[in-house]
Structure formats: structure tokens, C-alpha cells
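Student: One structure, pasted below without further comment.
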Amino acid sequence: MKSSLAPFIALAVLALVPLMGIGNYPLHLLIMVLLWGYVYTSWSIMGRLGMVSFGHGAFLGIGAYVVVMGWNSYGLSPWFGVPIALALTAIVAFLIGYPCFRYKIVGHYFALVTLALSEVTRLIIVALRDQTGGSLGATPKTALAETSWSLGALQFSNKIVWFYVILVFWLLGLWVWKKVDESMGRLALEAISQEEDASASIGINVTRLKLGVTMISALMTCIGGALYAQYQLYVNPETVSGIGISLQMVFGVIAGGMYVRLGPTVGAAFTLLLAEGLRLGFGNKYHALDSTVYGLMLVLFIIYMPKGILGAAMEAMGKRSAPQPKPYSR
Amino acid sequence: MSDAAGNAMLRVEDVSAGYDGFQALFGVSLEVNAGESVAVIGPNGAGKTTLLRAISKLIGVTGGDIAMEGRSLKSVPAHEVIGYGIAQVPENRRLFPRLTVAENLKMGGFLPSARARHDERLAYVYSLFPRMKERSGQLAGTLSGGEQQMCAIGRALMSGPKLLLLDEPSAGLAPVVVQSIFEMVKRICAEGYTVLIVEQNIRQVLKVVDRAYLLETGRIKQSGPSAQLLASDEIRKAYLGI
């Protein structure tokens, strides 16, 4: 960590990992960590500034389902499906965000409104079962019958391709985080999360700024949903929308630490290993055991490690760029 | 009551305002002229804070009008009020507790027009309150009450305001500190800022300002130069306990 080259070396090593012939399963795990790391990073861009959303399952679901439905029902390439999903996400984020920010629905109340949003999205997906496959989920029609990849359908049978695609988006997510962090907007948003009225009085357009950050976060999450659908080639209302996945995002981010840039990614690795561990350890015998464990651990993290794994680790190492204290702690 | 009828800096005219289902102000009118320091005094619950919140557009005005230098603030949203040269030091300071003192001050000059003059104004605030320079890297939430008040005033000054609104600067502070707060207010007035201050510490504030209005249950009951109010029987009996 001594030189500023360290991150680049680490990145180069990471980029070479899939070429070292690690098995399909480890590669899959790595892709999932990066993909969820990207999604969690997207969530944190607004979450760390005092807007705790339990509604990101909605944006993830829109990204996944619009792209898959467009392809299956209308033969619409994901290249067109993604912009449509983004537009729809922007509309939904605006419809939820504008009234909340305009009428100062903050904190727990904001969380509740967004919680409803992700559940409504799941119910809509289930209700439209003729088009979406309902709770059984849906599989994009394969374009890989005769070839191993199709750029038009955004389907690649080779996991290594996906690794690099998702690596790029993950890096992009970290870059957006950095840009937001360096802007005057970050101070302004922190100010808003601490004292909303005083922020307005010093000239911050609270509604517009909050809406802007929400848009960035929601649109990035929507892309995450589309990537997930195209990579897994299977979507299910439970895994891309609803309360479960929304809670998992919040849990992952809190576990990893939302005040350091790599915190959400560490959280993604942690949740994934936890989920895989529970799956291997208990099989499918105890359904919903994972949710119980998440809930329990969430409580433990908030009490004993509010800065998350990476945040606490960096603090222990006495790093110069110590993470910010949590907004909930006094 | 005002000699400069045509060119008051701030003119509050027949303003009514309140909260959901509860009216707090009933046709309040007052004026603040450039260079003046004016207080709105009155007991708890008289509507003093509501009046300042109405001026800074943090709550809606249901009747009447507020104008700054002749320009109505009627349809101006809260975040644009500062663009009219009105800076507020809110009740209980309302600092950003987890930003440092320097960051709090920086946020005071958030407007693009103020950002260009950040360094110059920061130096000015530090010269006014050297304590703030010593504490610049400290989180604002960890300051003492008096220091927080300094920081809040400093934050307001960073926008280079024409009019400073001070909401109960002495509230919640120890008696010893209250004394120094009024010294501070006196200095701000002496610096030439136009000040509108709301206070229930009537005796102290009347020693500092030029003029005052007495607000009771949402209505202006009396007004005049500070000395006159200090001498008034009604105020002496009701508020000063003499």
C-alpha cells in the first residue's frame, strides 16, 4: 500500500486471474462478487449520503425483466432493451424520489416508501405471469444454438468474456463513486443528511441534488439487473426484485462498510461466501435459513461493527483515509 | 414607525403563516433598514422562530408578502433566498455535526458566486473568530455551545450576506456563554451588517440592537427604539420582572 501503484498492480493481478485456468465455479464466484460489488456500490452512492433505500430491488428488477421480456416477446436486442429499461427506471426513480425529497420524507419513512416500491415491482412481475413467467422466472431465448457468442443478443457462453465485461462495469461504478465523492455535491449531500433545513438556507437545492444522486444510483443498479440477467440467462422475481434482494443489498453494504470505496465489494464477497456456505452446509433442508442468518448478522454488524468489515479493518490499520463515522452514531 | 418608508431593506407586510391547522402569525408587519440591527422579542411560543422561518421560506406564507430590497420573496424557494443576500443562523445552530469547522464554513459559501471569494471570506471569518481557525479541523458536533454559535455565524457570513437573520442565539447556552454571545452579536452589528435577531432574552438583546418589535401570540404588540422599550412599563413588568 506504500506506492500509488499498488491499486493498479492489484487490478492487473485481478484481471489476469481468469486466464490462470481457475475452474468454472471459482470464476463464477468471482464474477458474482464483481457484479454484486457493482450493484452494492451503486446502492451506496445514495445510501452513504443518508438516503437508505430498500427499493433498489425495483431498479434491478426493471433492468433484468425489461431486457429479457423485450428479447423474448418482441425480439428486441438488449442493446435496445437496456435504454428502455434505463428510461423506465428513471421514470420510476423520479416518481418515487421527487415527492419524497420535495416533501422531506427522510430516514425511516423514506426507507418504508422504498420498501413498498421493491415489493410492488415483484408483485407486478409475478402478476404478469403470461409475459414474465411469474414466480417460476424466465430464461432469455438462447442465441447460442449454433455459436458460442452473440453480440446482438448479448449472450456469451464463455465466462471469461463476462468476467471482463463485469470488471469494466465494476470499475466504472468505483469511478462514479470517486467523482461523486470529489464533487462539492458530496459535502452538500452530507450536509443535507445531517441538517436538511440548514442546507436549504445556505443555498443547496435539496430536492434537485437528492434526485440527481438517486438517478445515478438507480440507473447504475438497473444496468446491474440487465447484466445479471444476461450473465445468468435466468431471472426470477425473487432474485432480482422484492424485499429479499433489497434487504440483502443493505445487509451486504453495511457488512462491508459503506464509507470506504471498496466496502460494498467486500460486502458482496462476504454475502456471497455466506450464502454459498449456508447452501453447502445446510443444503435446501432449511428454507429461508439464509434470511434468518442475514437478519441476525445485520443486527450484530450494526451494534458491533457499524463501519463494516473493511471500514473497521482500515481503522484498525490506522489508515490515513479513515472512514467517516456512521450517520446513525452520535 | 419607520422613517424610511420607501427603502427598507427587508419589508415584512401583513404576513400570516403557520403549520398544518395551526396559525402562528397573524398579519405581522415589520421593516429592517440597511445598516440597522433590529430585534423581535417576545415570550416562548409567540411566533418569533416562525417569523424567521417564513422570511427564509422554510415554511410557506399564507398571507401578506415579504420583500428584500423591493423584490418579493413570495414565489422564491428556500434554497434561493440566500441569493437575495439573506443568510440565516438557525435556532440551535444547526451546524453539520459530522463535517469539520472548515467544511461547515465552506458550505456557508456554497453558492457559485460565493465560492470564488471563499479564501478571502474565510480569512475574514477567522479574523473575526480566531477560535474557529484553531478548531478548523475539528468536527463541528464536538464544539462547545458558544463555539458552535461562532461557527454558525461564521457559516452565515461566508455567503457575504446583506442581511443576517439570527434565531435565538442565546438559546440553550450557559449564562456565562450567553454574555459572550451578545458581545459577538454586538461586534457583528459594528461590522456594519444589517441584523434581524429573534430573542427571548429581552434585557440582553435590547442592550445590543437599535430597535425592536414585541411579538405576542403571533401579533406585533409594540415597537420602537431599544431604549424606549427598555423603559416601557409594560415590558418592564411582563418581561423584565421589575
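All residue names refer to the C-alpha cells as shown: chains lettered A, B, ... in order, residues numbered from 1 in each chain, ligands numbered from 1 in order.
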Leaving out stretch 230-238 of chain B and any residue of its chain fewer than 3 positions from it, which residues lie within 12 Å of it when counting only C-alpha atoms, given as an mmCIF file with N, CA and C atoms, in the first residue's frame?
Tutor:
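The resulting file, selection_25.cif, is shown below:
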```cif
data_model
loop_
_atom_site.group_PDB
_atom_site.id
_atom_site.type_symbol
_atom_site.label_atom_id
_atom_site.label_comp_id
_atom_site.auth_asym_id
_atom_site.auth_seq_id
_atom_site.Cartn_x
_atom_site.Cartn_y
_atom_site.Cartn_z
ATOM 1 N N ILE B 41 -38.628 40.566 19.858
ATOM 2 C CA ILE B 41 -38.601 39.961 21.183
ATOM 3 C C ILE B 41 -39.983 39.441 21.528
ATOM 4 N N GLY B 42 -40.028 38.595 22.523
ATOM 5 C CA GLY B 42 -41.316 38.061 22.914
ATOM 6 C C GLY B 42 -41.135 36.757 23.647
ATOM 7 N N PRO B 43 -42.189 36.306 24.286
ATOM 8 C CA PRO B 43 -42.096 35.080 25.074
ATOM 9 C C PRO B 43 -42.042 33.845 24.186
ATOM 10 N N ILE B 202 -34.710 39.190 26.635
ATOM 11 C CA ILE B 202 -35.079 40.536 26.214
ATOM 12 C C ILE B 202 -34.130 41.609 26.745
ATOM 13 N N ARG B 203 -33.786 41.488 28.018
ATOM 14 C CA ARG B 203 -32.929 42.505 28.616
ATOM 15 C C ARG B 203 -31.595 42.618 27.857
ATOM 16 N N GLN B 204 -31.011 41.447 27.599
ATOM 17 C CA GLN B 204 -29.699 41.437 26.938
ATOM 18 C C GLN B 204 -29.773 41.972 25.513
ATOM 19 N N VAL B 205 -30.776 41.495 24.788
ATOM 20 C CA VAL B 205 -30.791 41.826 23.366
ATOM 21 C C VAL B 205 -31.095 43.309 23.163
ATOM 22 N N LEU B 206 -31.896 43.871 24.058
ATOM 23 C CA LEU B 206 -32.238 45.290 23.901
ATOM 24 C C LEU B 206 -31.014 46.183 24.130
ATOM 25 N N LYS B 207 -30.019 45.643 24.835
ATOM 26 C CA LYS B 207 -28.795 46.434 25.026
ATOM 27 C C LYS B 207 -27.948 46.460 23.763
ATOM 28 N N VAL B 208 -28.213 45.537 22.863
ATOM 29 C CA VAL B 208 -27.352 45.381 21.683
ATOM 30 C C VAL B 208 -27.935 46.029 20.428
ATOM 31 N N VAL B 209 -29.253 45.933 20.251
ATOM 32 C CA VAL B 209 -29.846 46.358 18.975
ATOM 33 C C VAL B 209 -30.341 47.810 19.010
ATOM 34 N N ASP B 210 -30.612 48.335 17.801
ATOM 35 C CA ASP B 210 -31.112 49.703 17.690
ATOM 36 C C ASP B 210 -32.607 49.791 18.000
ATOM 37 N N ARG B 211 -33.338 48.866 17.389
ATOM 38 C CA ARG B 211 -34.799 48.908 17.503
ATOM 39 C C ARG B 211 -35.316 47.521 17.801
ATOM 40 N N ALA B 212 -36.577 47.453 18.248
ATOM 41 C CA ALA B 212 -37.151 46.133 18.488
ATOM 42 C C ALA B 212 -38.655 46.146 18.299
ATOM 43 N N TYR B 213 -39.162 44.955 17.996
ATOM 44 C CA TYR B 213 -40.599 44.726 17.921
ATOM 45 C C TYR B 213 -40.947 43.700 18.989
ATOM 46 N N LEU B 214 -42.063 43.938 19.666
ATOM 47 C CA LEU B 214 -42.527 42.944 20.644
ATOM 48 C C LEU B 214 -43.605 42.103 19.987
ATOM 49 N N LEU B 215 -43.359 40.796 19.926
ATOM 50 C CA LEU B 215 -44.299 39.868 19.301
ATOM 51 C C LEU B 215 -44.962 39.034 20.390
ATOM 52 N N GLU B 216 -46.289 39.045 20.389
ATOM 53 C CA GLU B 216 -47.015 38.221 21.352
ATOM 54 C C GLU B 216 -48.122 37.472 20.639
ATOM 55 N N LYS B 221 -47.058 43.699 19.146
ATOM 56 C CA LYS B 221 -47.780 44.435 20.178
ATOM 57 C C LYS B 221 -47.209 45.834 20.385
ATOM 58 N N GLN B 222 -45.923 45.972 20.117
ATOM 59 C CA GLN B 222 -45.273 47.230 20.439
ATOM 60 C C GLN B 222 -43.996 47.302 19.611
ATOM 61 N N SER B 223 -43.542 48.510 19.331
ATOM 62 C CA SER B 223 -42.249 48.602 18.663
ATOM 63 C C SER B 223 -41.640 49.965 18.941
ATOM 64 N N GLY B 224 -40.345 50.047 18.740
ATOM 65 C CA GLY B 224 -39.687 51.323 18.962
ATOM 66 C C GLY B 224 -38.210 51.132 19.216
ATOM 67 N N PRO B 225 -37.498 52.220 19.460
ATOM 68 C CA PRO B 225 -36.071 52.131 19.772
ATOM 69 C C PRO B 225 -35.861 51.323 21.051
ATOM 70 N N SER B 226 -34.736 50.666 21.150
ATOM 71 C CA SER B 226 -34.478 49.777 22.286
ATOM 72 C C SER B 226 -34.630 50.488 23.621
ATOM 73 N N ALA B 227 -34.070 51.692 23.700
ATOM 74 C CA ALA B 227 -34.101 52.403 24.974
ATOM 75 C C ALA B 227 -35.543 52.643 25.411
ATOM 76 N N GLY B 241 -39.395 41.706 34.879
ATOM 77 C CA GLY B 241 -39.635 41.433 36.291
ATOM 78 C C GLY B 241 -39.227 42.563 37.206
ATOM 79 N N ILE B 242 -39.393 43.781 36.675
ATOM 80 C CA ILE B 242 -39.026 44.920 37.531
ATOM 81 C C ILE B 242 -40.303 45.633 37.979
#
```
Student: Within 6 Å of chain A, which residues belong to chain B? Use only C-alpha atoms and report them as a PyMOL selection string.
Tutor: chain B and resi 78-80+82+96+108
Student: I'd like the interatomic distance between atom CA of A:Leu262 and atom CA of A:Gly47, to a tenth of an Å.
Tutor: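 So the two atoms, atom CA of A:Leu262 and atom CA of A:Gly47, lie 14.5 Å apart.
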Student: Got a sec to tell me which of stretch 4-202 of chain B DSSP assigns to strand (DSSP E), as a PyMOL selection string?
Tutor: chain B and resi 10-19+22-32+37-41+61-68+71-72+86-89+163-167+194-199
Student: Kindly save the residues from that selection, with N, CA and C atoms included, as a compact mmCIF listing (two decimals), in the first residue's frame.
Tutor:
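Wrote it out as again23.txt, contents follow:
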```
# COMPACT_ATOMS: atom_id res chain seq x y z
N LEU B 10 -35.45 45.08 4.28
CA LEU B 10 -36.39 43.97 4.40
C LEU B 10 -37.74 44.52 4.82
N ARG B 11 -38.76 44.14 4.09
CA ARG B 11 -40.09 44.60 4.43
C ARG B 11 -41.01 43.39 4.59
N VAL B 12 -41.54 43.21 5.78
CA VAL B 12 -42.49 42.14 6.04
C VAL B 12 -43.84 42.82 6.17
N GLU B 13 -44.78 42.43 5.29
CA GLU B 13 -46.03 43.16 5.24
C GLU B 13 -47.21 42.25 5.49
N ASP B 14 -47.84 42.44 6.63
CA ASP B 14 -49.11 41.78 6.92
C ASP B 14 -49.02 40.26 6.74
N VAL B 15 -47.94 39.70 7.24
CA VAL B 15 -47.67 38.28 6.97
C VAL B 15 -48.40 37.37 7.95
N SER B 16 -49.09 36.39 7.38
CA SER B 16 -49.67 35.32 8.18
C SER B 16 -49.00 34.02 7.78
N ALA B 17 -48.74 33.20 8.76
CA ALA B 17 -48.09 31.93 8.47
C ALA B 17 -48.36 30.97 9.61
N GLY B 18 -48.12 29.70 9.36
CA GLY B 18 -48.34 28.72 10.41
C GLY B 18 -48.00 27.33 9.93
N TYR B 19 -48.41 26.38 10.70
CA TYR B 19 -48.18 24.99 10.37
C TYR B 19 -49.53 24.34 10.18
N PHE B 22 -52.62 25.10 12.20
CA PHE B 22 -52.29 25.94 13.34
C PHE B 22 -51.63 27.22 12.83
N GLN B 23 -52.30 28.34 13.07
CA GLN B 23 -51.74 29.60 12.60
C GLN B 23 -50.88 30.21 13.69
N ALA B 24 -49.68 30.60 13.33
CA ALA B 24 -48.74 31.13 14.33
C ALA B 24 -48.55 32.64 14.19
N LEU B 25 -48.71 33.17 12.98
CA LEU B 25 -48.53 34.60 12.76
C LEU B 25 -49.80 35.19 12.18
N PHE B 26 -50.22 36.34 12.73
CA PHE B 26 -51.45 36.98 12.28
C PHE B 26 -51.13 38.40 11.80
N GLY B 27 -50.92 38.57 10.53
CA GLY B 27 -50.71 39.90 9.97
C GLY B 27 -49.56 40.66 10.59
N VAL B 28 -48.39 40.06 10.57
CA VAL B 28 -47.21 40.71 11.14
C VAL B 28 -46.55 41.62 10.10
N SER B 29 -46.26 42.84 10.49
CA SER B 29 -45.54 43.75 9.61
C SER B 29 -44.32 44.29 10.33
N LEU B 30 -43.21 44.32 9.65
CA LEU B 30 -42.03 44.98 10.21
C LEU B 30 -41.06 45.34 9.10
N GLU B 31 -40.11 46.20 9.45
CA GLU B 31 -39.14 46.64 8.46
C GLU B 31 -37.75 46.65 9.08
N VAL B 32 -36.78 46.37 8.23
CA VAL B 32 -35.40 46.49 8.67
C VAL B 32 -34.68 47.34 7.63
N SER B 37 -29.70 47.27 13.27
CA SER B 37 -29.89 45.99 13.95
C SER B 37 -31.23 46.05 14.66
N VAL B 38 -32.05 45.07 14.34
CA VAL B 38 -33.44 45.06 14.83
C VAL B 38 -33.70 43.73 15.52
N ALA B 39 -34.40 43.79 16.64
CA ALA B 39 -34.75 42.55 17.34
C ALA B 39 -36.25 42.34 17.32
N VAL B 40 -36.64 41.08 17.27
CA VAL B 40 -38.02 40.71 17.52
C VAL B 40 -38.00 39.97 18.85
N ILE B 41 -38.63 40.57 19.86
CA ILE B 41 -38.60 39.96 21.18
C ILE B 41 -39.98 39.44 21.53
N VAL B 61 -45.89 31.05 3.37
CA VAL B 61 -46.60 32.21 3.91
C VAL B 61 -48.02 32.15 3.36
N THR B 62 -49.01 32.24 4.27
CA THR B 62 -50.40 32.11 3.81
C THR B 62 -51.04 33.46 3.46
N GLY B 63 -50.45 34.53 3.97
CA GLY B 63 -50.99 35.84 3.63
C GLY B 63 -49.92 36.90 3.75
N GLY B 64 -50.11 38.02 3.03
CA GLY B 64 -49.14 39.10 3.09
C GLY B 64 -47.94 38.82 2.21
N ASP B 65 -46.92 39.65 2.35
CA ASP B 65 -45.76 39.50 1.47
C ASP B 65 -44.48 39.88 2.21
N ILE B 66 -43.39 39.31 1.74
CA ILE B 66 -42.07 39.63 2.27
C ILE B 66 -41.23 40.09 1.10
N ALA B 67 -40.55 41.21 1.26
CA ALA B 67 -39.74 41.70 0.14
C ALA B 67 -38.36 42.07 0.64
N MET B 68 -37.36 41.71 -0.14
CA MET B 68 -35.98 42.06 0.16
C MET B 68 -35.54 43.05 -0.90
N ARG B 71 -37.74 43.36 -3.82
CA ARG B 71 -38.10 42.17 -4.61
C ARG B 71 -38.86 41.18 -3.73
N SER B 72 -40.04 40.82 -4.16
CA SER B 72 -40.87 39.92 -3.36
C SER B 72 -40.25 38.53 -3.27
N ILE B 86 -29.73 37.11 1.98
CA ILE B 86 -30.25 36.83 3.32
C ILE B 86 -29.61 35.54 3.83
N ALA B 87 -28.86 35.63 4.91
CA ALA B 87 -28.28 34.42 5.49
C ALA B 87 -28.86 34.20 6.87
N GLN B 88 -29.11 32.93 7.18
CA GLN B 88 -29.76 32.63 8.44
C GLN B 88 -28.83 31.87 9.39
N VAL B 89 -28.86 32.25 10.64
CA VAL B 89 -28.22 31.47 11.69
C VAL B 89 -29.36 30.83 12.47
N LEU B 163 -28.09 40.81 4.78
CA LEU B 163 -28.94 40.74 5.97
C LEU B 163 -28.69 39.41 6.67
N LEU B 164 -28.46 39.52 7.97
CA LEU B 164 -28.20 38.33 8.77
C LEU B 164 -29.40 38.10 9.69
N LEU B 165 -29.97 36.90 9.61
CA LEU B 165 -31.07 36.55 10.50
C LEU B 165 -30.52 35.68 11.62
N LEU B 166 -30.70 36.10 12.84
CA LEU B 166 -30.20 35.32 13.98
C LEU B 166 -31.38 34.81 14.79
N ASP B 167 -31.48 33.50 14.90
CA ASP B 167 -32.61 32.92 15.62
C ASP B 167 -32.16 32.45 17.00
N THR B 194 -26.41 44.30 8.46
CA THR B 194 -27.79 44.53 8.86
C THR B 194 -28.27 43.25 9.52
N VAL B 195 -28.84 43.39 10.71
CA VAL B 195 -29.14 42.19 11.50
C VAL B 195 -30.59 42.22 11.95
N LEU B 196 -31.25 41.07 11.77
CA LEU B 196 -32.56 40.87 12.38
C LEU B 196 -32.42 39.70 13.33
N ILE B 197 -32.65 39.97 14.61
CA ILE B 197 -32.40 38.96 15.62
C ILE B 197 -33.67 38.68 16.40
N VAL B 198 -33.88 37.42 16.68
CA VAL B 198 -35.05 36.99 17.42
C VAL B 198 -34.56 36.48 18.76
N GLU B 199 -35.13 36.95 19.86
CA GLU B 199 -34.61 36.56 21.18
C GLU B 199 -35.69 36.58 22.24
```
Student: Might you pull out every residue within 10 Å of A:Lys307, with only C-alpha atoms counted and same-chain residues fewer than 4 positions away left off, and present them as a list in words?
Tutor: Val253, Ile254, Ala255, Gly256, Gly257, Met258, Tyr259, Val260, Gly263, Phe301, Ile302, Ile303, Gly311, Ala312, Ala313, Met314, Glu315, Pro323, Gln324, Pro325 and Lys326 of chain A
Student: Can you spit out the residues from that selection as a compact mmCIF listing (two decimals), in the first residue's frame, using N, CA and C atoms?
Tutor:
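As a result, again.txt now contains:
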```
# COMPACT_ATOMS: atom_id res chain seq x y z
N VAL A 253 -23.91 -4.13 2.09
CA VAL A 253 -23.20 -2.85 2.16
C VAL A 253 -22.80 -2.53 3.60
N ILE A 254 -23.72 -2.77 4.52
CA ILE A 254 -23.40 -2.48 5.93
C ILE A 254 -22.30 -3.42 6.41
N ALA A 255 -22.38 -4.69 5.98
CA ALA A 255 -21.36 -5.65 6.39
C ALA A 255 -19.99 -5.24 5.85
N GLY A 256 -19.95 -4.82 4.60
CA GLY A 256 -18.65 -4.48 4.00
C GLY A 256 -18.15 -3.12 4.48
N GLY A 257 -19.08 -2.19 4.62
CA GLY A 257 -18.70 -0.83 5.03
C GLY A 257 -18.99 0.15 3.93
N MET A 258 -19.93 1.07 4.17
CA MET A 258 -20.35 1.94 3.06
C MET A 258 -19.58 3.25 2.99
N TYR A 259 -18.62 3.43 3.91
CA TYR A 259 -17.91 4.70 3.88
C TYR A 259 -16.52 4.58 3.28
N VAL A 260 -16.19 3.38 2.81
CA VAL A 260 -14.95 3.21 2.06
C VAL A 260 -15.30 2.65 0.70
N GLY A 263 -15.69 -0.96 0.25
CA GLY A 263 -16.54 -1.59 1.26
C GLY A 263 -17.68 -2.41 0.66
N PHE A 301 -23.85 -6.59 13.15
CA PHE A 301 -22.95 -5.63 12.49
C PHE A 301 -23.25 -4.21 12.94
N ILE A 302 -24.54 -3.88 12.98
CA ILE A 302 -24.90 -2.50 13.33
C ILE A 302 -24.44 -2.19 14.75
N ILE A 303 -24.55 -3.20 15.63
CA ILE A 303 -24.14 -2.94 17.02
C ILE A 303 -22.63 -2.94 17.17
N GLY A 311 -14.25 -1.10 6.67
CA GLY A 311 -14.11 0.13 7.44
C GLY A 311 -13.40 -0.12 8.76
N ALA A 312 -13.80 -1.19 9.44
CA ALA A 312 -13.20 -1.50 10.73
C ALA A 312 -11.74 -1.92 10.53
N ALA A 313 -11.49 -2.70 9.46
CA ALA A 313 -10.13 -3.17 9.22
C ALA A 313 -9.20 -2.00 8.95
N MET A 314 -9.68 -1.06 8.13
CA MET A 314 -8.84 0.09 7.80
C MET A 314 -8.58 0.96 9.02
N GLU A 315 -9.60 1.04 9.87
CA GLU A 315 -9.43 1.82 11.08
C GLU A 315 -8.39 1.17 11.98
N PRO A 323 -12.37 5.87 7.49
CA PRO A 323 -13.75 6.09 7.04
C PRO A 323 -14.49 7.07 7.93
N GLN A 324 -15.52 7.65 7.35
CA GLN A 324 -16.34 8.59 8.09
C GLN A 324 -17.18 7.85 9.12
N PRO A 325 -17.49 8.50 10.20
CA PRO A 325 -18.38 7.86 11.16
C PRO A 325 -19.76 7.67 10.57
N LYS A 326 -20.47 6.72 11.10
CA LYS A 326 -21.80 6.43 10.58
C LYS A 326 -22.78 7.55 10.91
```
Student: With only C-alpha atoms as the counted atoms, please give the residues lying no more than 10 Å from A:Leu123, apart from itself and same-chain residues fewer than 2 positions off, as a PDB file with C-alpha atoms, in the first residue's frame.
Tutor:
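Result went into part-v2.pdb, see below:
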```pdb
ATOM      1  CA  LEU A 117     -41.600   0.023  -4.202  1.00  0.00           C
ATOM      2  CA  SER A 118     -39.467  -3.093  -4.436  1.00  0.00           C
ATOM      3  CA  GLU A 119     -42.279  -5.333  -3.259  1.00  0.00           C
ATOM      4  CA  VAL A 120     -44.760  -3.799  -5.699  1.00  0.00           C
ATOM      5  CA  THR A 121     -42.293  -4.449  -8.500  1.00  0.00           C
ATOM      6  CA  ILE A 125     -43.659  -9.291 -12.244  1.00  0.00           C
ATOM      7  CA  VAL A 126     -45.496 -12.234 -10.666  1.00  0.00           C
ATOM      8  CA  ALA A 127     -48.904 -10.940 -11.754  1.00  0.00           C
ATOM      9  CA  LEU A 128     -47.833 -10.594 -15.375  1.00  0.00           C
ATOM     10  CA  GLY A 134     -44.410 -15.427 -12.963  1.00  0.00           C
ATOM     11  CA  SER A 135     -42.665 -16.758  -9.930  1.00  0.00           C
ATOM     12  CA  PRO A 237     -38.706 -12.245  -9.347  1.00  0.00           C
ATOM     13  CA  GLU A 238     -37.219 -13.286  -6.008  1.00  0.00           C
ATOM     14  CA  SER A 241     -36.788  -7.742  -7.078  1.00  0.00           C
ATOM     15  CA  GLY A 242     -38.773  -7.762  -3.903  1.00  0.00           C
TER      16      GLY A 242
END
```
Student: Residues of stretch 1-241 of chain B in helix (DSSP H, G or I) according to DSSP, as a count of residues only?
Tutor: 94
Student: Which residue, B:Ala8, B:Arg93, B:Ala140, B:Ala123, has the smallest gap to B:Gly35 when you use only C-alpha atoms?
Tutor: B:Ala8
Student: Which residue is closest to A:Ala145? Choose from A:Asn72, A:Gln232, A:Ser157, A:Ser42 and count only C-alpha atoms.
Tutor: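 Nearest to A:Ala145: A:Ser157.
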Student: Determine the nearest neighbour of A:Gly173 from the options A:Ser73, A:Thr114, A:Ser246, A:Ser44, counting only C-alpha atoms.
Tutor: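 Closest residue, counting only C-alpha atoms: A:Ser44.
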Student: Here is a test: counting only C-alpha atoms, which residue of A:Ala111, A:Ala58, A:Met305, A:Val33 is nearest to A:Leu274?
Tutor: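 Closest residue, counting only C-alpha atoms: A:Val33.
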